[in-house]
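> Take a look at this one; I'll ask things after.
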Amino acid sequence: MDFNKIIELASYTLPAIVTGFVAYRFFELHIKNNDRKRAFLLNKQAHKESLPIRLQAFERMTLFLERINLTKLLIRVSPISQNKHDYENFLIDQIEQEFEHNLTQQIYMSEECWTIIATAKNATIQMIRKAAMSDKVENADKLREVILNDLLEKQSPSNAALSFIKNEVAELWY
């Protein structure tokens with residue numbers, strides 16, 4: 001008779017345990033789903049608020065790269081004297097000032113993008129220095145001419161960085 005009581009007790013208890021386990025798993029999955037949904041909505045809202053700021057940073061860095069494009073820089077910045085070293089230093093100072101003005105934009109873009117922008121700046125400065133060291137260069141006007149002739153043979157470093165920025169901005173939409 002004890003055995004029948006145990007079986008009867010088990011026949012009531014086992015379905016209750018199974019039902020309790022199923023209810024527990026259901027509520028656990030429901031809570032996880034709600035947490036994911038809440039996290040998705042918060043992420044979506046944060047992305048919606050940060051997107052304009054990130055786009056503005058990319059716009060500013062595009063403007064920076066356009067301003068240090070050697071063709072445009074040499075047209076915009078005239079020699080202050082005929083001394084090639086004064087003009088070289090003046091061009092490099094212009095590039096450095098532009099860069100320092102936009103340093104804070106790096107927090108809105110990827111590390112790789114910022115590295116490419118900094119590399120473009122450094123390569124531009126290197127092109128100016130290399131041209132200034134040439135034996136052909138005697139004065140500031142000749143320096144401009146040599147740099148522009150170099151650009152006919154190779155692409156400006158800022159163009160490659162601009163292409164990268166365009167690709168990175170395109171990825172923001174996906």
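Naming works like this for the structure tokens: A, B, ... for the chains as they're shown, residue 1 at the start of each chain, ligands 1 onward in shown order.
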List every residue of range 7-172 of chain A that DSSP, applied to the backbone of this structure, places in alpha helix (DSSP H), and write the result as a PyMOL selection string.
chain A and resi 7-68+70-76+84-101+111-133+140-153+157-172
> Which residue gives the smallest distance to Leu143 in chain A among A:Glu171, A:Glu88, A:Glu100, A:Glu49, with only C-alpha atoms counted?
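Looking at the shortest contact to Leu143 in chain A, the residue is A:Glu88.
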> Determine, counting only C-alpha atoms, which protein, DNA and RNA residues have an atom within 8 Å of an atom of Met127 in chain A; residues of the same chain fewer than 4 positions away are not included. Present the result as an mmCIF file with N, CA, C and O atoms, in the first residue's frame.

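around.cif, freshly written:
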```cif
data_model
loop_
_atom_site.group_PDB
_atom_site.id
_atom_site.type_symbol
_atom_site.label_atom_id
_atom_site.label_comp_id
_atom_site.auth_asym_id
_atom_site.auth_seq_id
_atom_site.Cartn_x
_atom_site.Cartn_y
_atom_site.Cartn_z
ATOM 1 N N ALA A 123 52.648 61.784 -45.423
ATOM 2 C CA ALA A 123 53.169 61.579 -46.779
ATOM 3 C C ALA A 123 53.191 62.893 -47.552
ATOM 4 O O ALA A 123 54.112 63.143 -48.340
ATOM 5 N N ALA A 131 60.887 67.364 -52.120
ATOM 6 C CA ALA A 131 61.023 68.310 -53.229
ATOM 7 C C ALA A 131 61.959 69.457 -52.841
ATOM 8 O O ALA A 131 62.739 69.926 -53.673
ATOM 9 N N ILE A 147 57.055 70.309 -57.013
ATOM 10 C CA ILE A 147 55.994 69.547 -56.336
ATOM 11 C C ILE A 147 54.858 69.247 -57.316
ATOM 12 O O ILE A 147 54.364 68.120 -57.386
#
```
> For Val137 in chain A, please output as a list in words all residues within 12 Å (counting only C-alpha atoms; exclusion window: fewer than 6 positions along the same chain).
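Residues near the query, excluding close chain neighbours: Gln82, Asn83, Lys84, His85, Tyr87, Glu88, Ile128, Arg129, Lys130, Ala131, Leu143, Arg144, Glu145, Val146 and Ile147 of chain A.
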> What's the 10 Å shell around Glu96 in chain A, counting only C-alpha atoms, without same-chain residues fewer than 3 positions away, as a list in words?
Ile68, Phe90, Leu91, Ile92, Asp93, Phe99, Glu100, His101, Asn102, Lys121, Asn122 and Ile125 of chain A
> I need the chosen residues saved as an mmCIF file, in the first residue's frame, with N, CA, C and O atoms.

```cif
data_model
loop_
_atom_site.group_PDB
_atom_site.id
_atom_site.type_symbol
_atom_site.label_atom_id
_atom_site.label_comp_id
_atom_site.auth_asym_id
_atom_site.auth_seq_id
_atom_site.Cartn_x
_atom_site.Cartn_y
_atom_site.Cartn_z
ATOM 1 N N ILE A 68 44.722 69.866 -47.699
ATOM 2 C CA ILE A 68 46.145 69.518 -47.758
ATOM 3 C C ILE A 68 46.514 68.845 -49.080
ATOM 4 O O ILE A 68 47.681 68.505 -49.271
ATOM 5 N N PHE A 90 56.453 77.031 -44.190
ATOM 6 C CA PHE A 90 55.130 77.649 -44.181
ATOM 7 C C PHE A 90 54.061 76.651 -44.626
ATOM 8 O O PHE A 90 52.996 76.550 -43.998
ATOM 9 N N LEU A 91 54.339 75.878 -45.678
ATOM 10 C CA LEU A 91 53.390 74.856 -46.143
ATOM 11 C C LEU A 91 53.174 73.784 -45.075
ATOM 12 O O LEU A 91 52.028 73.394 -44.790
ATOM 13 N N ILE A 92 54.258 73.342 -44.477
ATOM 14 C CA ILE A 92 54.151 72.302 -43.447
ATOM 15 C C ILE A 92 53.396 72.823 -42.233
ATOM 16 O O ILE A 92 52.557 72.110 -41.655
ATOM 17 N N ASP A 93 53.630 74.072 -41.858
ATOM 18 C CA ASP A 93 52.884 74.673 -40.744
ATOM 19 C C ASP A 93 51.394 74.733 -41.051
ATOM 20 O O ASP A 93 50.559 74.489 -40.172
ATOM 21 N N PHE A 99 45.641 69.981 -39.235
ATOM 22 C CA PHE A 99 45.535 68.683 -38.572
ATOM 23 C C PHE A 99 45.204 68.856 -37.092
ATOM 24 O O PHE A 99 44.310 68.188 -36.570
ATOM 25 N N GLU A 100 45.912 69.748 -36.428
ATOM 26 C CA GLU A 100 45.658 69.990 -35.008
ATOM 27 C C GLU A 100 44.246 70.518 -34.765
ATOM 28 O O GLU A 100 43.629 70.206 -33.751
ATOM 29 N N HIS A 101 43.744 71.280 -35.714
ATOM 30 C CA HIS A 101 42.389 71.816 -35.601
ATOM 31 C C HIS A 101 41.345 70.690 -35.635
ATOM 32 O O HIS A 101 40.254 70.837 -35.090
ATOM 33 N N ASN A 102 41.695 69.582 -36.263
ATOM 34 C CA ASN A 102 40.738 68.486 -36.436
ATOM 35 C C ASN A 102 41.074 67.240 -35.619
ATOM 36 O O ASN A 102 40.494 66.179 -35.856
ATOM 37 N N LYS A 121 48.628 62.768 -44.276
ATOM 38 C CA LYS A 121 49.223 64.045 -43.852
ATOM 39 C C LYS A 121 50.742 63.940 -43.847
ATOM 40 O O LYS A 121 51.442 64.795 -44.401
ATOM 41 N N ASN A 122 51.261 62.875 -43.255
ATOM 42 C CA ASN A 122 52.708 62.699 -43.170
ATOM 43 C C ASN A 122 53.344 62.503 -44.548
ATOM 44 O O ASN A 122 54.434 63.017 -44.811
ATOM 45 N N ILE A 125 53.577 65.906 -46.220
ATOM 46 C CA ILE A 125 54.716 66.654 -45.670
ATOM 47 C C ILE A 125 56.024 66.094 -46.229
ATOM 48 O O ILE A 125 56.932 66.853 -46.596
#
```
> Excluding same-chain residues fewer than 4 positions from Lys166 in chain A, what lies within 12 Å of it counting only C-alpha atoms, as a list in words?
Leu55, Phe58, Glu59, Met61, Thr62, Cys113, Asn159, Ala160, Ala161, Leu162, Ala170, Glu171, Leu172 and Trp173 of chain A
> What is the CA of Gln126 in chain A-CA of Met109 in chain A distance in Å, reported with one decimal?
24.6 Å
> CA of Ser163 in chain A to CA of Arg67 in chain A: how many Å, to one decimal?
15.3 Å
> Figure out the distance between CA of Asn34 in chain A and CA of Ile17 in chain A, please, to one decimal in Å.
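About the pair CA of Ile17 in chain A and CA of Asn34 in chain A: they are 25.5 Å apart.
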> With only C-alpha atoms as the atoms that count, which of A:Asn89, A:Lys48, A:Lys72, A:Arg60 lies nearest to Ala140 in chain A?
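Of A:Asn89, A:Lys48, A:Lys72, A:Arg60, the one nearest Ala140 in chain A, counting only C-alpha atoms, is A:Asn89.
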> Check the smallest atom-to-atom distance from each of A:Leu70, A:Val169, A:Leu42, A:Ile116 to Ser156 in chain A using only C-alpha atoms, then report the winner.
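Once distances to Ser156 in chain A are computed over only C-alpha atoms, the minimum belongs to A:Leu70.
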> Which is closer to Thr119 in chain A than all the others in A:Pro79, A:Gly20, A:Pro52, A:Pro157, using only C-alpha atoms?
A:Pro157
> I want to know what sits within 6 Å of Ser158 in chain A, based on only C-alpha atoms, with residues of the same chain fewer than 3 positions away left out; could you give that as a list in words?
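Answer for this query is Leu65, Asn69, Ala120 and Ala161 of chain A.
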> Could you save the residues just selected, with N, CA and C atoms, as a PDB file, in the first residue's frame?

```pdb
ATOM      1  N   LEU A  65      41.485  66.822 -45.808  1.00  0.00           N
ATOM      2  CA  LEU A  65      42.244  66.168 -46.877  1.00  0.00           C
ATOM      3  C   LEU A  65      42.217  66.977 -48.170  1.00  0.00           C
ATOM      4  N   ASN A  69      45.554  68.659 -49.957  1.00  0.00           N
ATOM      5  CA  ASN A  69      45.876  68.159 -51.294  1.00  0.00           C
ATOM      6  C   ASN A  69      46.866  69.144 -51.894  1.00  0.00           C
ATOM      7  N   ALA A 120      48.349  60.032 -44.645  1.00  0.00           N
ATOM      8  CA  ALA A 120      48.233  60.938 -45.797  1.00  0.00           C
ATOM      9  C   ALA A 120      48.858  62.293 -45.476  1.00  0.00           C
ATOM     10  N   ALA A 161      43.335  58.560 -49.030  1.00  0.00           N
ATOM     11  CA  ALA A 161      42.614  58.683 -47.754  1.00  0.00           C
ATOM     12  C   ALA A 161      41.159  59.077 -47.991  1.00  0.00           C
TER      13      ALA A 161
END
```
